[in-house]
$ cat entry18.txt   # compact mmCIF, C-alpha atoms
# COMPACT_ATOMS: atom_id res chain seq x y z
CA MET C 214 28.44 77.28 31.51
CA ARG C 215 32.17 77.13 30.81
CA PHE C 216 33.68 76.58 27.39
CA SER C 217 37.09 76.57 25.69
CA ILE C 218 38.39 79.49 23.67
CA GLU C 219 41.71 80.38 22.09
CA VAL C 220 43.56 83.56 23.07
CA ASP C 221 46.81 84.35 21.26
CA GLY C 222 47.17 80.70 20.28
CA GLN C 223 46.70 79.53 23.86
CA SER C 224 43.72 77.52 25.13
CA ARG C 225 41.73 79.33 27.81
CA GLU C 226 38.38 78.87 29.48
CA ALA C 227 35.52 81.36 29.45
CA GLU C 228 32.16 81.26 31.16
CA ILE C 229 28.71 82.48 30.22
CA THR C 230 26.34 83.98 32.76
CA PHE C 231 23.21 86.08 32.64
CA GLY C 232 24.12 89.76 32.69
CA ASP C 233 22.99 92.10 35.42
CA ARG C 234 22.88 95.87 35.97
CA ASP C 235 26.67 96.05 36.59
CA ASP C 236 27.39 94.21 33.34
CA ILE C 237 25.12 96.57 31.43
CA ARG C 238 27.01 99.56 32.88
CA CYS C 239 30.26 97.92 31.81
CA LEU C 240 28.98 97.36 28.26
CA ASN C 241 27.83 100.95 28.05
CA ARG C 242 31.40 102.06 28.91
CA TRP C 243 33.16 99.78 26.41
CA ARG C 244 36.02 101.53 24.67
CA PHE C 245 38.52 100.36 22.08
CA PRO C 246 42.09 101.49 21.47
CA LYS C 247 42.54 104.75 19.58
CA ASP C 248 44.41 102.96 16.80
CA SER C 249 41.21 101.08 15.92
CA GLN C 250 39.09 104.19 15.27
CA GLY C 251 38.68 103.50 11.52
CA ASN C 252 37.68 99.86 12.00
CA GLU C 253 34.03 99.43 10.95
CA SER C 254 33.47 96.20 12.89
CA ILE C 255 34.70 97.85 16.09
CA ARG C 256 32.46 100.85 15.46
CA ASP C 257 29.52 98.42 14.96
CA ALA C 258 30.41 96.67 18.22
CA LEU C 259 30.46 99.90 20.21
CA GLU C 260 27.14 101.00 18.70
CA PHE C 261 25.61 97.61 19.43
CA ALA C 262 26.85 97.61 23.05
CA ARG C 263 25.23 100.99 23.63
CA LEU C 264 21.96 100.04 21.91
CA ALA C 265 21.75 96.72 23.77
CA SER C 266 22.41 98.35 27.13
CA LYS C 267 19.78 101.04 26.40
CA ARG C 268 17.21 98.41 25.45
CA TRP C 269 18.00 96.22 28.47
CA ARG C 270 17.69 99.22 30.83
CA TYR C 271 14.29 100.08 29.32
CA TYR C 272 13.02 96.51 29.82
CA HIS C 273 14.53 96.38 33.30
CA GLN C 274 12.70 99.61 34.32
CA THR C 275 9.41 98.08 33.14
CA GLU C 276 10.18 94.84 35.02
CA ALA C 277 10.49 92.93 31.74
CA ALA C 278 14.15 91.90 32.04
CA VAL C 279 15.70 89.00 33.92
CA THR C 280 19.16 88.35 35.29
CA SER C 281 19.04 84.59 35.86
CA LEU C 282 17.55 81.37 34.51
CA ALA C 283 15.45 81.07 37.67
CA ASP C 284 13.98 84.55 37.04
CA LEU C 285 13.26 83.60 33.43
CA ARG C 286 11.47 80.41 34.43
CA ALA C 287 9.41 82.30 37.03
CA ALA C 288 8.41 84.97 34.48
CA ILE C 289 7.28 82.29 32.00
CA ARG C 290 5.31 80.47 34.74
CA ARG C 291 3.49 83.73 35.54
CA ASP C 292 2.71 84.38 31.87
CA ALA C 293 3.48 81.82 29.16
CA HIS C 294 3.43 84.57 26.52
CA THR C 295 5.60 87.07 28.37
CA GLU C 296 8.10 89.05 26.36
CA ILE C 297 11.29 89.45 28.34
CA ALA C 298 14.81 90.80 27.71
CA MET C 299 18.07 89.20 28.76
CA VAL C 300 21.79 89.52 28.26
CA LEU C 301 24.25 86.66 28.28
CA VAL C 302 27.82 87.69 29.02
CA ALA C 303 30.94 85.69 28.12
CA ARG C 304 33.62 86.37 30.73
CA ALA C 305 37.30 85.68 31.03
CA THR C 306 38.02 83.24 33.87
CA TRP C 307 41.56 84.63 34.17
CA PRO C 308 42.71 88.11 35.18
CA SER C 309 42.03 90.23 32.10
CA ALA C 310 41.97 93.92 31.25
CA THR C 311 38.80 93.08 29.30
CA PRO C 312 36.76 90.76 31.53
CA ILE C 313 33.70 90.75 29.20
CA LEU C 314 34.75 88.93 26.05
CA GLY C 315 31.39 89.08 24.33
CA PHE C 316 27.69 89.30 24.91
CA ALA C 317 24.29 88.56 23.44
CA TYR C 318 21.29 90.77 23.99
CA PHE C 319 18.14 88.82 23.28
CA ARG C 320 14.45 88.92 23.82
CA ARG C 321 12.04 86.07 24.29
CA SER C 322 8.82 86.89 22.50
CA TRP C 323 5.67 84.85 22.80
CA ALA C 324 6.95 82.46 20.10
CA THR C 325 10.65 83.03 19.33
CA ILE C 326 13.94 84.38 20.62
CA SER C 327 15.51 87.31 18.82
CA LEU C 328 19.18 88.00 19.36
CA TRP C 329 22.08 90.32 18.70
CA THR C 330 25.56 89.18 19.55
CA PHE C 331 28.98 90.71 19.74
CA PHE C 332 32.24 89.09 20.71
CA ARG C 333 35.81 90.20 20.64
CA LEU C 334 37.99 88.55 18.07
CA ILE C 335 38.90 85.65 20.31
CA ARG C 336 38.47 82.25 18.74
CA GLY C 337 35.52 80.34 20.21
CA VAL C 338 33.66 83.12 22.06
CA GLY C 339 30.99 83.66 19.40
CA VAL C 340 30.33 79.95 18.95
CA GLY C 341 30.08 79.49 22.73
CA ILE C 342 27.55 82.32 23.04
CA LEU C 343 25.50 81.14 20.06
CA LEU C 344 25.35 77.53 21.26
CA GLN C 345 24.37 78.61 24.76
CA LEU C 346 21.50 80.60 23.26
CA VAL C 347 20.36 77.50 21.36
CA ALA C 348 20.51 75.48 24.59
CA LEU C 349 18.49 78.16 26.36
CA ALA C 350 15.92 78.17 23.52
CA GLU C 351 15.54 74.40 23.94
CA GLU C 352 15.16 74.82 27.71
CA MET C 353 12.32 77.28 27.09
CA GLY C 354 10.70 75.18 24.33
CA VAL C 355 11.26 77.89 21.72
CA PRO C 356 11.25 76.44 18.18
CA CYS C 357 12.95 79.37 16.42
CA VAL C 358 15.76 81.79 17.19
CA TRP C 359 16.19 84.71 14.84
CA GLY C 360 18.98 87.20 14.72
CA GLU C 361 20.25 90.28 13.00
CA ALA C 362 23.54 90.28 11.13
CA THR C 363 25.82 93.01 9.87
CA VAL C 364 28.13 92.83 6.89
CA HIS C 365 30.88 92.04 9.43
CA SER C 366 29.03 89.33 11.38
CA ALA C 367 27.31 87.57 8.45
CA PRO C 368 30.36 85.42 7.50
CA PHE C 369 30.60 84.16 11.10
CA TYR C 370 26.92 83.15 11.20
CA LYS C 371 27.12 81.56 7.75
CA ARG C 372 30.13 79.44 8.78
CA THR C 373 28.88 78.56 12.27
CA LEU C 374 25.30 77.76 11.26
CA ASP C 375 26.49 75.96 8.12
CA VAL C 376 24.07 77.77 5.83
CA LYS C 377 24.52 78.98 2.26
CA GLU C 378 23.58 82.60 2.78
CA ILE C 379 23.09 85.09 5.60
CA PHE C 380 21.61 88.49 4.92
CA ASP C 381 20.61 91.12 7.46
CA HIS C 382 18.66 88.57 9.49
CA PHE C 383 18.68 84.80 9.89
CA PHE C 384 16.66 82.01 11.48
CA ILE C 385 17.84 79.10 13.58
CA ARG C 386 15.19 76.42 13.29
CA ASP C 387 14.66 72.94 11.89
CA SER C 388 17.87 71.60 10.29
CA VAL C 389 19.96 74.61 11.41
CA LEU C 390 18.76 74.09 14.99
CA GLN C 391 19.70 70.41 14.70
CA HIS C 392 23.18 71.39 13.42
CA CYS C 393 23.62 73.62 16.49
CA ARG C 394 22.49 70.81 18.81
CA GLU C 395 25.17 68.56 17.29
CA LEU C 396 27.83 71.25 17.73
CA LEU C 397 26.75 71.67 21.35
CA ARG C 398 27.10 67.92 21.98
CA ILE C 399 30.57 67.86 20.35
CA ARG C 400 31.84 70.85 22.32
CA HIS C 401 30.58 69.60 25.69
$ encode --input "entry18.txt" --output "structure tokens"
Amino acid sequence: MRFSIEVDGQSREAEITFGDRDDIRCLNRWRFPKDSQGNESIRDALEFARLASKRWRYYHQTEAAVTSLADLRAAIRRDAHTEIAMVLVARATWPSATPILGFAYFRRSWATISLWTFFRLIRGVGVGILLQLVALAEEMGVPCVWGEATVHSAPFYKRTLDVKEIFDHFFIRDSVLQHCRELLRIRH
């Protein structure tokens, strides 16, 4: 899926794909400029990238990770209650020193999808990732997506999901899921 983002005030296009082993290696090697060392949100992002890549590698070694929608569908056909890990990666479609703009590590449990997301501070990347996850949840017939938030990501989720409060976790279901469906229709 391709979607519009804003980079330095200029409209650009990004794309979302399922992540694979090479993407996980890339996330594990993410680095930020030395002048950003004291930035808590960047420190959170680096920690999250390492934790997500470690979790994905564990699931991949146990054959419980997928790298495409076709693989996901096949896993669910084999076992309707399978728990499986995935990564969606938002990529720059232009030559960029940072080709991965953001990512979501998520797991499909027997009844829900749980997610963690990170995106660079480029306008539109986080919304694009979140809406693609909602579309994927609908594709899989999952009625609830739940996620974890940090003090730095909570304002984004509150604004994007149009909810009054976000704490350390949140749920996308019912009216919030409907709000996301409407955003998805507007943006595409």
$ residues_around --input "entry18.txt" --residues "range 280-290 of chain C" --least-positions-apart "6" --cutoff "6 Å" --atoms "all atoms listed in the file" --output "list in words"
Phe231, Gly232 and Asp233 of chain C
$ closest_residue --input "entry18.txt" --among "C:Gly360, C:Pro308, C:Pro368, C:Gly315" --to "Thr230 in chain C" --atoms "all atoms listed in the file"
C:Gly315
$ atom_distance --input "entry18.txt" --atom1 "CA of Val302 in chain C" --atom2 "CA of Ile229 in chain C"
5.4 Å
$ residues_near_point --input "entry18.txt" --point "(32.0, 89.7, 9.3)" --cutoff "12 Å" --atoms "only C-alpha atoms" --output "number ranges by chain"
C: 252-255, 257-258, 331-334, 339, 362-373, 379-381
$ residues_around --input "entry18.txt" --residues "Trp243 in chain C" --least-positions-apart "3" --cutoff "7 Å" --atoms "all atoms listed in the file" --output "NGL selection string"
:C and (239-240 or 259)
$ closest_residue --input "entry18.txt" --among "C:Gly341, C:Arg238, C:Trp269, C:Phe319" --to "Ser217 in chain C" --atoms "all atoms listed in the file"
C:Gly341
$ closest_residue --input "entry18.txt" --among "C:Gln223, C:Ser388, C:Gln274, C:Gln345" --to "Leu301 in chain C" --atoms "only C-alpha atoms"
C:Gln345
